>>> print(open('structure-v4.cif').read())   # mmCIF, C-alpha atoms
data_run
#
loop_
_atom_site.group_PDB
_atom_site.id
_atom_site.type_symbol
_atom_site.label_atom_id
_atom_site.label_comp_id
_atom_site.auth_asym_id
_atom_site.auth_seq_id
_atom_site.Cartn_x
_atom_site.Cartn_y
_atom_site.Cartn_z
ATOM 1 C CA MET A 236 16.017 24.509 -12.922
ATOM 2 C CA LYS A 237 17.093 21.997 -10.273
ATOM 3 C CA LYS A 238 13.846 20.062 -10.771
ATOM 4 C CA LEU A 239 14.400 19.900 -14.512
ATOM 5 C CA LEU A 240 17.959 18.643 -14.070
ATOM 6 C CA LEU A 241 16.770 16.083 -11.529
ATOM 7 C CA ALA A 242 13.996 15.002 -13.890
ATOM 8 C CA VAL A 243 16.437 14.582 -16.777
ATOM 9 C CA ALA A 244 18.895 12.664 -14.605
ATOM 10 C CA LEU A 245 16.159 10.341 -13.343
ATOM 11 C CA SER A 246 14.831 9.694 -16.829
ATOM 12 C CA LEU A 247 18.291 8.913 -18.163
ATOM 13 C CA SER A 248 19.060 6.552 -15.301
ATOM 14 C CA LEU A 249 15.750 4.725 -15.624
ATOM 15 C CA GLY A 250 15.852 4.658 -19.409
ATOM 16 C CA GLY A 251 18.911 2.445 -19.290
ATOM 17 C CA CYS A 252 16.908 -0.316 -17.642
ATOM 18 C CA VAL A 253 14.913 -1.134 -20.780
ATOM 19 C CA THR A 254 15.765 -4.557 -22.157
ATOM 20 C CA LEU A 255 15.124 -6.372 -25.407
ATOM 21 C CA GLN A 256 12.513 -8.432 -23.564
ATOM 22 C CA ASP A 257 10.549 -5.235 -22.880
ATOM 23 C CA LEU A 258 10.495 -4.505 -26.589
ATOM 24 C CA SER A 259 9.225 -7.962 -27.436
ATOM 25 C CA THR A 260 6.380 -7.881 -24.892
ATOM 26 C CA GLY A 261 4.525 -5.120 -26.716
ATOM 27 C CA ILE A 262 5.532 -2.160 -24.591
ATOM 28 C CA SER A 263 5.622 0.935 -26.747
ATOM 29 C CA LEU A 264 8.815 2.884 -26.193
ATOM 30 C CA THR A 265 7.842 5.907 -28.272
ATOM 31 C CA THR A 266 8.999 8.960 -26.410
ATOM 32 C CA LYS A 267 7.461 12.400 -26.511
ATOM 33 C CA SER A 268 9.115 15.609 -27.624
ATOM 34 C CA ILE A 269 8.196 19.036 -28.922
ATOM 35 C CA VAL A 270 7.685 17.494 -32.363
ATOM 36 C CA ASN A 271 5.560 14.710 -30.829
ATOM 37 C CA PRO A 272 3.694 16.527 -28.014
ATOM 38 C CA VAL A 273 1.938 14.999 -25.027
ATOM 39 C CA THR A 274 -1.817 15.174 -25.515
ATOM 40 C CA PRO A 275 -4.562 14.791 -22.900
ATOM 41 C CA ALA A 276 -5.217 11.341 -24.424
ATOM 42 C CA ASP A 277 -1.559 10.386 -23.836
ATOM 43 C CA GLU A 278 -1.851 11.623 -20.268
ATOM 44 C CA ALA A 279 -4.985 9.521 -19.737
ATOM 45 C CA GLN A 280 -3.370 6.428 -21.257
ATOM 46 C CA VAL A 281 -0.372 6.730 -18.932
ATOM 47 C CA GLU A 282 -2.610 7.165 -15.896
ATOM 48 C CA VAL A 283 -4.834 4.206 -16.774
ATOM 49 C CA ALA A 284 -1.892 1.846 -17.347
ATOM 50 C CA LEU A 285 -0.052 2.955 -14.213
ATOM 51 C CA ASN A 286 -3.192 2.832 -12.069
ATOM 52 C CA ALA A 287 -3.974 -0.689 -13.293
ATOM 53 C CA ALA A 288 -0.449 -1.858 -12.470
ATOM 54 C CA ILE A 289 -0.528 -0.223 -9.040
ATOM 55 C CA ASP A 290 -3.954 -1.732 -8.284
ATOM 56 C CA LEU A 291 -2.624 -5.203 -9.107
ATOM 57 C CA LEU A 292 0.455 -4.587 -6.977
ATOM 58 C CA GLN A 293 -1.718 -3.443 -4.070
ATOM 59 C CA ALA A 294 -3.766 -6.635 -4.375
ATOM 60 C CA TYR A 295 -0.518 -8.623 -4.300
ATOM 61 C CA LYS A 296 0.648 -6.670 -1.249
ATOM 62 C CA HIS A 297 -2.676 -7.341 0.483
ATOM 63 C CA ALA A 298 -2.393 -11.067 -0.303
ATOM 64 C CA CYS A 299 1.125 -10.943 1.107
ATOM 65 C CA ALA A 300 -0.127 -9.416 4.352
ATOM 66 C CA GLN A 301 -2.778 -12.150 4.601
ATOM 67 C CA GLY A 302 -0.204 -14.849 3.974
ATOM 68 C CA THR A 303 -1.769 -16.086 0.738
ATOM 69 C CA ALA A 304 1.002 -14.886 -1.615
ATOM 70 C CA ASP A 305 4.348 -16.527 -2.295
ATOM 71 C CA VAL A 306 7.025 -16.737 0.384
ATOM 72 C CA ASN A 307 9.136 -13.984 -1.198
ATOM 73 C CA CYS A 308 6.294 -11.488 -1.425
ATOM 74 C CA ARG A 309 7.673 -8.965 1.072
ATOM 75 C CA ALA A 310 10.993 -8.705 -0.728
ATOM 76 C CA ASN A 311 9.155 -8.536 -4.057
ATOM 77 C CA VAL A 312 6.927 -5.689 -2.849
ATOM 78 C CA ALA A 313 9.946 -3.794 -1.557
ATOM 79 C CA GLN A 314 11.733 -4.085 -4.921
ATOM 80 C CA ILE A 315 8.730 -2.855 -6.895
ATOM 81 C CA GLN A 316 7.901 -0.041 -4.470
ATOM 82 C CA ALA A 317 11.256 1.508 -5.303
ATOM 83 C CA TYR A 318 9.661 2.441 -8.635
ATOM 84 C CA THR A 319 6.029 2.995 -7.701
ATOM 85 C CA ILE A 320 6.677 5.635 -5.031
ATOM 86 C CA HIS A 321 7.669 8.026 -7.828
ATOM 87 C CA VAL A 322 4.440 7.614 -9.806
ATOM 88 C CA LYS A 323 1.960 9.861 -7.963
ATOM 89 C CA PRO A 324 4.064 13.047 -7.872
ATOM 90 C CA LEU A 325 5.037 12.586 -11.512
ATOM 91 C CA VAL A 326 1.410 12.096 -12.590
ATOM 92 C CA VAL A 327 0.440 15.312 -10.774
ATOM 93 C CA GLN A 328 3.233 17.156 -12.581
ATOM 94 C CA LEU A 329 2.226 15.648 -15.933
ATOM 95 C CA ARG A 330 -1.387 16.776 -15.483
ATOM 96 C CA SER A 331 -0.234 20.289 -14.658
ATOM 97 C CA PHE A 332 2.128 20.520 -17.625
ATOM 98 C CA VAL A 333 -0.406 19.098 -20.094
ATOM 99 C CA ASP A 334 -3.132 21.415 -18.774
ATOM 100 C CA SER A 335 -0.870 24.450 -19.161
ATOM 101 C CA ASN A 336 0.471 23.175 -22.524
ATOM 102 C CA ASP A 337 4.066 23.209 -21.227
ATOM 103 C CA GLN A 338 5.241 20.628 -23.745
ATOM 104 C CA VAL A 339 8.920 20.641 -22.810
ATOM 105 C CA ASN A 340 8.272 19.640 -19.201
ATOM 106 C CA ALA A 341 5.291 17.448 -20.137
ATOM 107 C CA ALA A 342 7.503 15.441 -22.487
ATOM 108 C CA VAL A 343 10.194 15.001 -19.813
ATOM 109 C CA ILE A 344 7.681 13.785 -17.218
ATOM 110 C CA TYR A 345 5.822 11.594 -19.733
ATOM 111 C CA ASN A 346 9.058 9.888 -20.726
ATOM 112 C CA GLN A 347 9.966 9.351 -17.046
ATOM 113 C CA LEU A 348 6.578 7.765 -16.376
ATOM 114 C CA LYS A 349 6.975 5.457 -19.366
ATOM 115 C CA ALA A 350 10.414 4.416 -18.116
ATOM 116 C CA LEU A 351 8.998 3.783 -14.631
ATOM 117 C CA TYR A 352 6.179 1.708 -16.121
ATOM 118 C CA VAL A 353 8.589 -0.379 -18.177
ATOM 119 C CA ASN A 354 10.787 -0.943 -15.114
ATOM 120 C CA VAL A 355 7.843 -1.867 -12.876
ATOM 121 C CA LYS A 356 6.532 -4.368 -15.439
ATOM 122 C CA ALA A 357 9.993 -5.833 -16.043
ATOM 123 C CA THR A 358 10.763 -6.168 -12.337
ATOM 124 C CA ALA A 359 7.351 -7.667 -11.599
ATOM 125 C CA SER A 360 7.759 -10.115 -14.473
ATOM 126 C CA GLN A 361 11.181 -11.201 -13.217
ATOM 127 C CA LEU A 362 9.654 -11.755 -9.787
ATOM 128 C CA GLY A 363 6.784 -13.797 -11.225
ATOM 129 C CA ILE A 364 4.100 -11.134 -10.663
ATOM 130 C CA ASN A 365 1.631 -10.692 -13.518
ATOM 131 C CA LEU A 366 0.634 -7.061 -14.054
ATOM 132 C CA GLY A 367 -1.576 -7.712 -17.052
ATOM 133 C CA SER A 368 -1.097 -6.666 -20.638
ATOM 134 C CA SER A 369 -1.607 -2.898 -20.423
ATOM 135 C CA THR A 370 0.875 -0.874 -22.416
ATOM 136 C CA ILE A 371 1.674 2.795 -22.723
#
>>> encode(input="structure-v4.cif", output="C-alpha coordinates")
Amino acid sequence: MKKLLLAVALSLSLGGCVTLQDLSTGISLTTKSIVNPVTPADEAQVEVALNAAIDLLQAYKHACAQGTADVNCRANVAQIQAYTIHVKPLVVQLRSFVDSNDQVNAAVIYNQLKALYVNVKATASQLGINLGSSTI
(Lines of atoms letter the chains of each structure in order from A and count residues from 1; the text may use other names and numbers.)
(Lines give C-alpha, C1' and ligand atoms only; values in the text may rest on other atoms or scores of the structure.)
Protein backbone atom coordinates (compact mmCIF):
# COMPACT_ATOMS: atom_id res chain seq x y z
CA MET A 1 0.00 0.00 0.00
CA LYS A 2 2.88 2.35 0.81
CA LYS A 3 4.38 1.73 -2.64
CA LEU A 4 1.09 2.54 -4.33
CA LEU A 5 0.73 5.78 -2.36
CA LEU A 6 4.33 6.69 -3.15
CA ALA A 7 3.75 5.90 -6.82
CA VAL A 8 0.63 8.07 -6.93
CA ALA A 9 2.38 10.93 -5.13
CA LEU A 10 5.34 10.77 -7.51
CA SER A 11 3.13 10.70 -10.58
CA LEU A 12 1.10 13.67 -9.37
CA SER A 13 4.21 15.69 -8.58
CA LEU A 14 5.84 14.92 -11.92
CA GLY A 15 2.63 15.38 -13.88
CA GLY A 16 2.56 19.03 -12.92
CA CYS A 17 5.77 19.64 -14.84
CA VAL A 18 4.15 19.23 -18.26
CA THR A 19 4.08 22.49 -20.20
CA LEU A 20 2.30 23.72 -23.29
CA GLN A 21 5.60 23.39 -25.14
CA ASP A 22 5.57 19.65 -24.43
CA LEU A 23 2.16 19.39 -26.04
CA SER A 24 3.29 21.23 -29.14
CA THR A 25 6.40 19.08 -29.67
CA GLY A 26 4.39 15.96 -30.43
CA ILE A 27 4.63 14.21 -27.09
CA SER A 28 1.53 12.13 -26.56
CA LEU A 29 0.09 12.71 -23.11
CA THR A 30 -2.55 9.99 -23.28
CA THR A 31 -2.63 8.29 -19.93
CA LYS A 32 -3.57 4.71 -19.23
CA SER A 33 -6.39 3.48 -17.03
CA ILE A 34 -8.55 0.42 -16.55
CA VAL A 35 -10.65 1.55 -19.51
CA ASN A 36 -7.49 2.12 -21.58
CA PRO A 37 -5.19 -0.72 -20.39
CA VAL A 38 -1.44 -0.99 -20.79
CA THR A 39 -0.61 -3.53 -23.47
CA PRO A 40 2.72 -5.28 -24.13
CA ALA A 41 3.06 -2.98 -27.17
CA ASP A 42 2.66 0.08 -24.91
CA GLU A 43 5.28 -1.36 -22.57
CA ALA A 44 7.68 -1.88 -25.49
CA GLN A 45 7.08 1.63 -26.82
CA VAL A 46 7.87 3.16 -23.43
CA GLU A 47 11.04 1.10 -23.10
CA VAL A 48 12.28 1.94 -26.59
CA ALA A 49 11.72 5.69 -26.15
CA LEU A 50 13.28 5.78 -22.69
CA ASN A 51 16.24 3.63 -23.72
CA ALA A 52 16.90 5.87 -26.73
CA ALA A 53 16.84 8.98 -24.54
CA ILE A 54 19.10 7.40 -21.93
CA ASP A 55 21.55 6.22 -24.61
CA LEU A 56 21.80 9.77 -25.97
CA LEU A 57 22.27 11.13 -22.46
CA GLN A 58 25.02 8.59 -21.78
CA ALA A 59 26.77 9.67 -24.98
CA TYR A 60 26.51 13.28 -23.80
CA LYS A 61 27.88 12.31 -20.39
CA HIS A 62 30.78 10.48 -22.05
CA ALA A 63 31.53 13.54 -24.22
CA CYS A 64 31.44 15.62 -21.05
CA ALA A 65 34.00 13.36 -19.38
CA GLN A 66 36.24 13.66 -22.45
CA GLY A 67 35.91 17.42 -22.46
CA THR A 68 34.23 17.62 -25.87
CA ALA A 69 30.78 18.74 -24.63
CA ASP A 70 29.70 22.22 -23.60
CA VAL A 71 31.11 23.89 -20.50
CA ASN A 72 27.92 23.35 -18.48
CA CYS A 73 27.71 19.64 -19.21
CA ARG A 74 28.31 18.42 -15.65
CA ALA A 75 25.53 20.56 -14.24
CA ASN A 76 23.29 19.53 -17.14
CA VAL A 77 23.94 15.82 -16.51
CA ALA A 78 23.20 16.26 -12.82
CA GLN A 79 19.85 17.95 -13.55
CA ILE A 80 18.74 15.24 -15.96
CA GLN A 81 19.94 12.37 -13.77
CA ALA A 82 17.43 13.47 -11.16
CA TYR A 83 14.80 12.03 -13.50
CA THR A 84 16.63 9.15 -15.15
CA ILE A 85 17.59 7.35 -11.93
CA HIS A 86 13.91 6.46 -11.50
CA VAL A 87 13.54 4.83 -14.92
CA LYS A 88 15.05 1.36 -14.44
CA PRO A 89 13.10 0.33 -11.32
CA LEU A 90 9.87 1.64 -12.83
CA VAL A 91 10.43 -0.27 -16.09
CA VAL A 92 11.00 -3.48 -14.10
CA GLN A 93 7.74 -2.88 -12.22
CA LEU A 94 5.88 -2.10 -15.45
CA ARG A 95 7.07 -5.35 -17.05
CA SER A 96 5.93 -7.31 -14.01
CA PHE A 97 2.51 -5.67 -13.87
CA VAL A 98 1.89 -6.04 -17.62
CA ASP A 99 3.01 -9.68 -17.54
CA SER A 100 0.67 -10.45 -14.65
CA ASN A 101 -2.13 -8.31 -16.19
CA ASP A 102 -2.30 -6.10 -13.08
CA GLN A 103 -3.79 -3.17 -14.96
CA VAL A 104 -4.30 -0.86 -12.00
CA ASN A 105 -0.62 -0.85 -11.05
CA ALA A 106 0.53 -1.07 -14.68
CA ALA A 107 -1.42 2.09 -15.49
CA VAL A 108 0.08 3.95 -12.50
CA ILE A 109 3.64 2.98 -13.45
CA TYR A 110 3.06 3.63 -17.16
CA ASN A 111 1.78 7.12 -16.41
CA GLN A 112 4.78 7.79 -14.14
CA LEU A 113 7.18 6.70 -16.88
CA LYS A 114 5.45 8.96 -19.40
CA ALA A 115 5.73 11.88 -16.97
CA LEU A 116 9.42 11.12 -16.41
CA TYR A 117 9.99 10.97 -20.17
CA VAL A 118 8.26 14.30 -20.73
CA ASN A 119 10.30 15.88 -17.93
CA VAL A 120 13.60 14.45 -19.20
CA LYS A 121 12.91 15.70 -22.74
CA ALA A 122 11.78 19.12 -21.50
CA THR A 123 14.78 19.54 -19.20
CA ALA A 124 17.20 18.37 -21.88
CA SER A 125 15.63 20.73 -24.40
CA GLN A 126 15.93 23.67 -22.01
CA LEU A 127 19.58 22.78 -21.51
CA GLY A 128 20.20 22.57 -25.26
CA ILE A 129 20.54 18.76 -25.37
CA ASN A 130 18.81 17.07 -28.31
CA LEU A 131 17.23 13.74 -27.36
CA GLY A 132 15.74 13.05 -30.77
CA SER A 133 12.12 12.90 -31.80
CA SER A 134 10.95 9.72 -30.06
CA THR A 135 7.58 10.00 -28.40
CA ILE A 136 5.55 7.80 -26.11
>>> resolve_selection(input="structure-v4.cif", expression="the PyMOL selection byres ((chain A and resi 366) around 12)", output="PyMOL selection string")
chain A and resi 284-295+315+352-365+367-370
>>> atom_distance(input="structure-v4.cif", atom1="CA of Pro324 in chain A", atom2="CA of Lys349 in chain A")
14.1 Å
>>> closest_residue(input="structure-v4.cif", among="A:Leu325, A:Val281, A:Ala276, A:Ala298", to="Val312 in chain A", atoms="all atoms listed in the file")
A:Ala298
>>> atom_distance(input="structure-v4.cif", atom1="CA of Leu351 in chain A", atom2="CA of Thr266 in chain A")
12.9 Å
>>> atom_distance(input="structure-v4.cif", atom1="CA of Val273 in chain A", atom2="CA of Val333 in chain A")
6.8 Å
>>> axis_aligned_box(input="structure-v4.cif", around="range 283-294 of chain A", padding_each_side="4 Å", output="AutoDock Vina command-line options")
--center_x -2.2 --center_y -1.2 --center_z -10.7 --size_x 13.3 --size_y 18.8 --size_z 21.3
>>> resolve_selection(input="structure-v4.cif", expression="the PyMOL selection byres ((chain A and resi 338) around 10)", output="list in words")
Lys267, Ser268, Ile269, Val270, Asn271, Pro272, Val273, Thr274, Leu329, Phe332, Val333, Asp334, Ser335, Asn336, Asp337, Val339, Asn340, Ala341, Ala342, Val343, Ile344 and Tyr345 of chain A
>>> closest_residue(input="structure-v4.cif", among="A:Gln347, A:Thr303, A:Ile371, A:Ala310", to="Val326 in chain A", atoms="all atoms listed in the file")
A:Gln347
>>> decode(input="structure-v4.cif", residues="range 318-348 of chain A", atoms="N, CA, C and O atoms", output="mmCIF file, in the first residue's frame")
data_model
loop_
_atom_site.group_PDB
_atom_site.id
_atom_site.type_symbol
_atom_site.label_atom_id
_atom_site.label_comp_id
_atom_site.auth_asym_id
_atom_site.auth_seq_id
_atom_site.Cartn_x
_atom_site.Cartn_y
_atom_site.Cartn_z
ATOM 1 N N TYR A 318 15.936 12.741 -12.931
ATOM 2 C CA TYR A 318 14.796 12.027 -13.499
ATOM 3 C C TYR A 318 15.164 10.601 -13.908
ATOM 4 O O TYR A 318 14.422 9.659 -13.658
ATOM 5 N N THR A 319 16.304 10.443 -14.549
ATOM 6 C CA THR A 319 16.631 9.150 -15.151
ATOM 7 C C THR A 319 16.923 8.053 -14.133
ATOM 8 O O THR A 319 16.781 6.881 -14.465
ATOM 9 N N ILE A 320 17.307 8.397 -12.920
ATOM 10 C CA ILE A 320 17.588 7.353 -11.931
ATOM 11 C C ILE A 320 16.335 6.573 -11.555
ATOM 12 O O ILE A 320 16.423 5.460 -11.059
ATOM 13 N N HIS A 321 15.172 7.129 -11.827
ATOM 14 C CA HIS A 321 13.909 6.457 -11.497
ATOM 15 C C HIS A 321 13.449 5.500 -12.594
ATOM 16 O O HIS A 321 12.544 4.703 -12.359
ATOM 17 N N VAL A 322 14.040 5.572 -13.772
ATOM 18 C CA VAL A 322 13.535 4.831 -14.921
ATOM 19 C C VAL A 322 13.660 3.320 -14.761
ATOM 20 O O VAL A 322 12.671 2.592 -14.917
ATOM 21 N N LYS A 323 14.847 2.807 -14.463
ATOM 22 C CA LYS A 323 15.049 1.356 -14.438
ATOM 23 C C LYS A 323 14.120 0.629 -13.472
ATOM 24 O O LYS A 323 13.477 -0.350 -13.860
ATOM 25 N N PRO A 324 14.006 1.055 -12.209
ATOM 26 C CA PRO A 324 13.096 0.333 -11.319
ATOM 27 C C PRO A 324 11.635 0.406 -11.775
ATOM 28 O O PRO A 324 10.888 -0.555 -11.623
ATOM 29 N N LEU A 325 11.246 1.527 -12.356
ATOM 30 C CA LEU A 325 9.870 1.640 -12.830
ATOM 31 C C LEU A 325 9.613 0.741 -14.036
ATOM 32 O O LEU A 325 8.528 0.155 -14.151
ATOM 33 N N VAL A 326 10.584 0.613 -14.928
ATOM 34 C CA VAL A 326 10.428 -0.268 -16.086
ATOM 35 C C VAL A 326 10.299 -1.723 -15.630
ATOM 36 O O VAL A 326 9.468 -2.473 -16.150
ATOM 37 N N VAL A 327 11.090 -2.111 -14.644
ATOM 38 C CA VAL A 327 10.996 -3.480 -14.100
ATOM 39 C C VAL A 327 9.602 -3.713 -13.530
ATOM 40 O O VAL A 327 8.986 -4.762 -13.772
ATOM 41 N N GLN A 328 9.092 -2.745 -12.783
ATOM 42 C CA GLN A 328 7.744 -2.875 -12.222
ATOM 43 C C GLN A 328 6.692 -2.937 -13.328
ATOM 44 O O GLN A 328 5.751 -3.730 -13.255
ATOM 45 N N LEU A 329 6.839 -2.109 -14.355
ATOM 46 C CA LEU A 329 5.878 -2.102 -15.454
ATOM 47 C C LEU A 329 5.839 -3.467 -16.139
ATOM 48 O O LEU A 329 4.765 -3.999 -16.402
ATOM 49 N N ARG A 330 7.016 -4.024 -16.424
ATOM 50 C CA ARG A 330 7.065 -5.354 -17.050
ATOM 51 C C ARG A 330 6.312 -6.375 -16.203
ATOM 52 O O ARG A 330 5.525 -7.163 -16.724
ATOM 53 N N SER A 331 6.568 -6.358 -14.917
ATOM 54 C CA SER A 331 5.933 -7.311 -14.010
ATOM 55 C C SER A 331 4.414 -7.154 -14.011
ATOM 56 O O SER A 331 3.673 -8.139 -14.091
ATOM 57 N N PHE A 332 3.944 -5.914 -13.920
ATOM 58 C CA PHE A 332 2.507 -5.673 -13.874
ATOM 59 C C PHE A 332 1.832 -6.024 -15.198
ATOM 60 O O PHE A 332 0.731 -6.569 -15.208
ATOM 61 N N VAL A 333 2.470 -5.704 -16.319
ATOM 62 C CA VAL A 333 1.886 -6.043 -17.618
ATOM 63 C C VAL A 333 1.863 -7.557 -17.794
ATOM 64 O O VAL A 333 0.868 -8.125 -18.242
ATOM 65 N N ASP A 334 2.954 -8.224 -17.414
ATOM 66 C CA ASP A 334 3.015 -9.684 -17.540
ATOM 67 C C ASP A 334 1.953 -10.380 -16.702
ATOM 68 O O ASP A 334 1.395 -11.399 -17.111
ATOM 69 N N SER A 335 1.667 -9.832 -15.519
ATOM 70 C CA SER A 335 0.665 -10.449 -14.646
ATOM 71 C C SER A 335 -0.731 -9.858 -14.861
ATOM 72 O O SER A 335 -1.662 -10.209 -14.147
ATOM 73 N N ASN A 336 -0.857 -8.959 -15.839
ATOM 74 C CA ASN A 336 -2.126 -8.312 -16.188
ATOM 75 C C ASN A 336 -2.728 -7.543 -15.007
ATOM 76 O O ASN A 336 -3.938 -7.478 -14.843
ATOM 77 N N ASP A 337 -1.877 -6.958 -14.185
ATOM 78 C CA ASP A 337 -2.303 -6.101 -13.076
ATOM 79 C C ASP A 337 -2.450 -4.686 -13.636
ATOM 80 O O ASP A 337 -1.540 -3.867 -13.555
ATOM 81 N N GLN A 338 -3.615 -4.412 -14.219
ATOM 82 C CA GLN A 338 -3.793 -3.169 -14.963
ATOM 83 C C GLN A 338 -3.835 -1.917 -14.097
ATOM 84 O O GLN A 338 -3.449 -0.854 -14.549
ATOM 85 N N VAL A 339 -4.270 -2.035 -12.865
ATOM 86 C CA VAL A 339 -4.297 -0.856 -11.997
ATOM 87 C C VAL A 339 -2.875 -0.358 -11.770
ATOM 88 O O VAL A 339 -2.554 0.811 -12.010
ATOM 89 N N ASN A 340 -1.995 -1.247 -11.310
ATOM 90 C CA ASN A 340 -0.616 -0.851 -11.046
ATOM 91 C C ASN A 340 0.157 -0.575 -12.335
ATOM 92 O O ASN A 340 1.012 0.309 -12.370
ATOM 93 N N ALA A 341 -0.141 -1.323 -13.397
ATOM 94 C CA ALA A 341 0.525 -1.072 -14.681
ATOM 95 C C ALA A 341 0.212 0.335 -15.173
ATOM 96 O O ALA A 341 1.100 1.046 -15.660
ATOM 97 N N ALA A 342 -1.027 0.751 -15.045
ATOM 98 C CA ALA A 342 -1.419 2.093 -15.487
ATOM 99 C C ALA A 342 -0.716 3.172 -14.668
ATOM 100 O O ALA A 342 -0.253 4.177 -15.217
ATOM 101 N N VAL A 343 -0.598 2.967 -13.361
ATOM 102 C CA VAL A 343 0.076 3.945 -12.500
ATOM 103 C C VAL A 343 1.543 4.085 -12.916
ATOM 104 O O VAL A 343 2.048 5.198 -13.098
ATOM 105 N N ILE A 344 2.221 2.952 -13.085
ATOM 106 C CA ILE A 344 3.640 2.982 -13.447
ATOM 107 C C ILE A 344 3.829 3.539 -14.853
ATOM 108 O O ILE A 344 4.735 4.339 -15.105
ATOM 109 N N TYR A 345 2.978 3.134 -15.786
ATOM 110 C CA TYR A 345 3.056 3.635 -17.163
ATOM 111 C C TYR A 345 2.940 5.162 -17.180
ATOM 112 O O TYR A 345 3.729 5.847 -17.828
ATOM 113 N N ASN A 346 1.975 5.673 -16.452
ATOM 114 C CA ASN A 346 1.777 7.122 -16.408
ATOM 115 C C ASN A 346 2.962 7.832 -15.749
ATOM 116 O O ASN A 346 3.343 8.930 -16.162
ATOM 117 N N GLN A 347 3.582 7.214 -14.758
ATOM 118 C CA GLN A 347 4.784 7.790 -14.135
ATOM 119 C C GLN A 347 5.929 7.832 -15.141
ATOM 120 O O GLN A 347 6.657 8.825 -15.219
ATOM 121 N N LEU A 348 6.098 6.748 -15.892
ATOM 122 C CA LEU A 348 7.179 6.704 -16.879
ATOM 123 C C LEU A 348 6.963 7.743 -17.973
ATOM 124 O O LEU A 348 7.918 8.376 -18.421
#
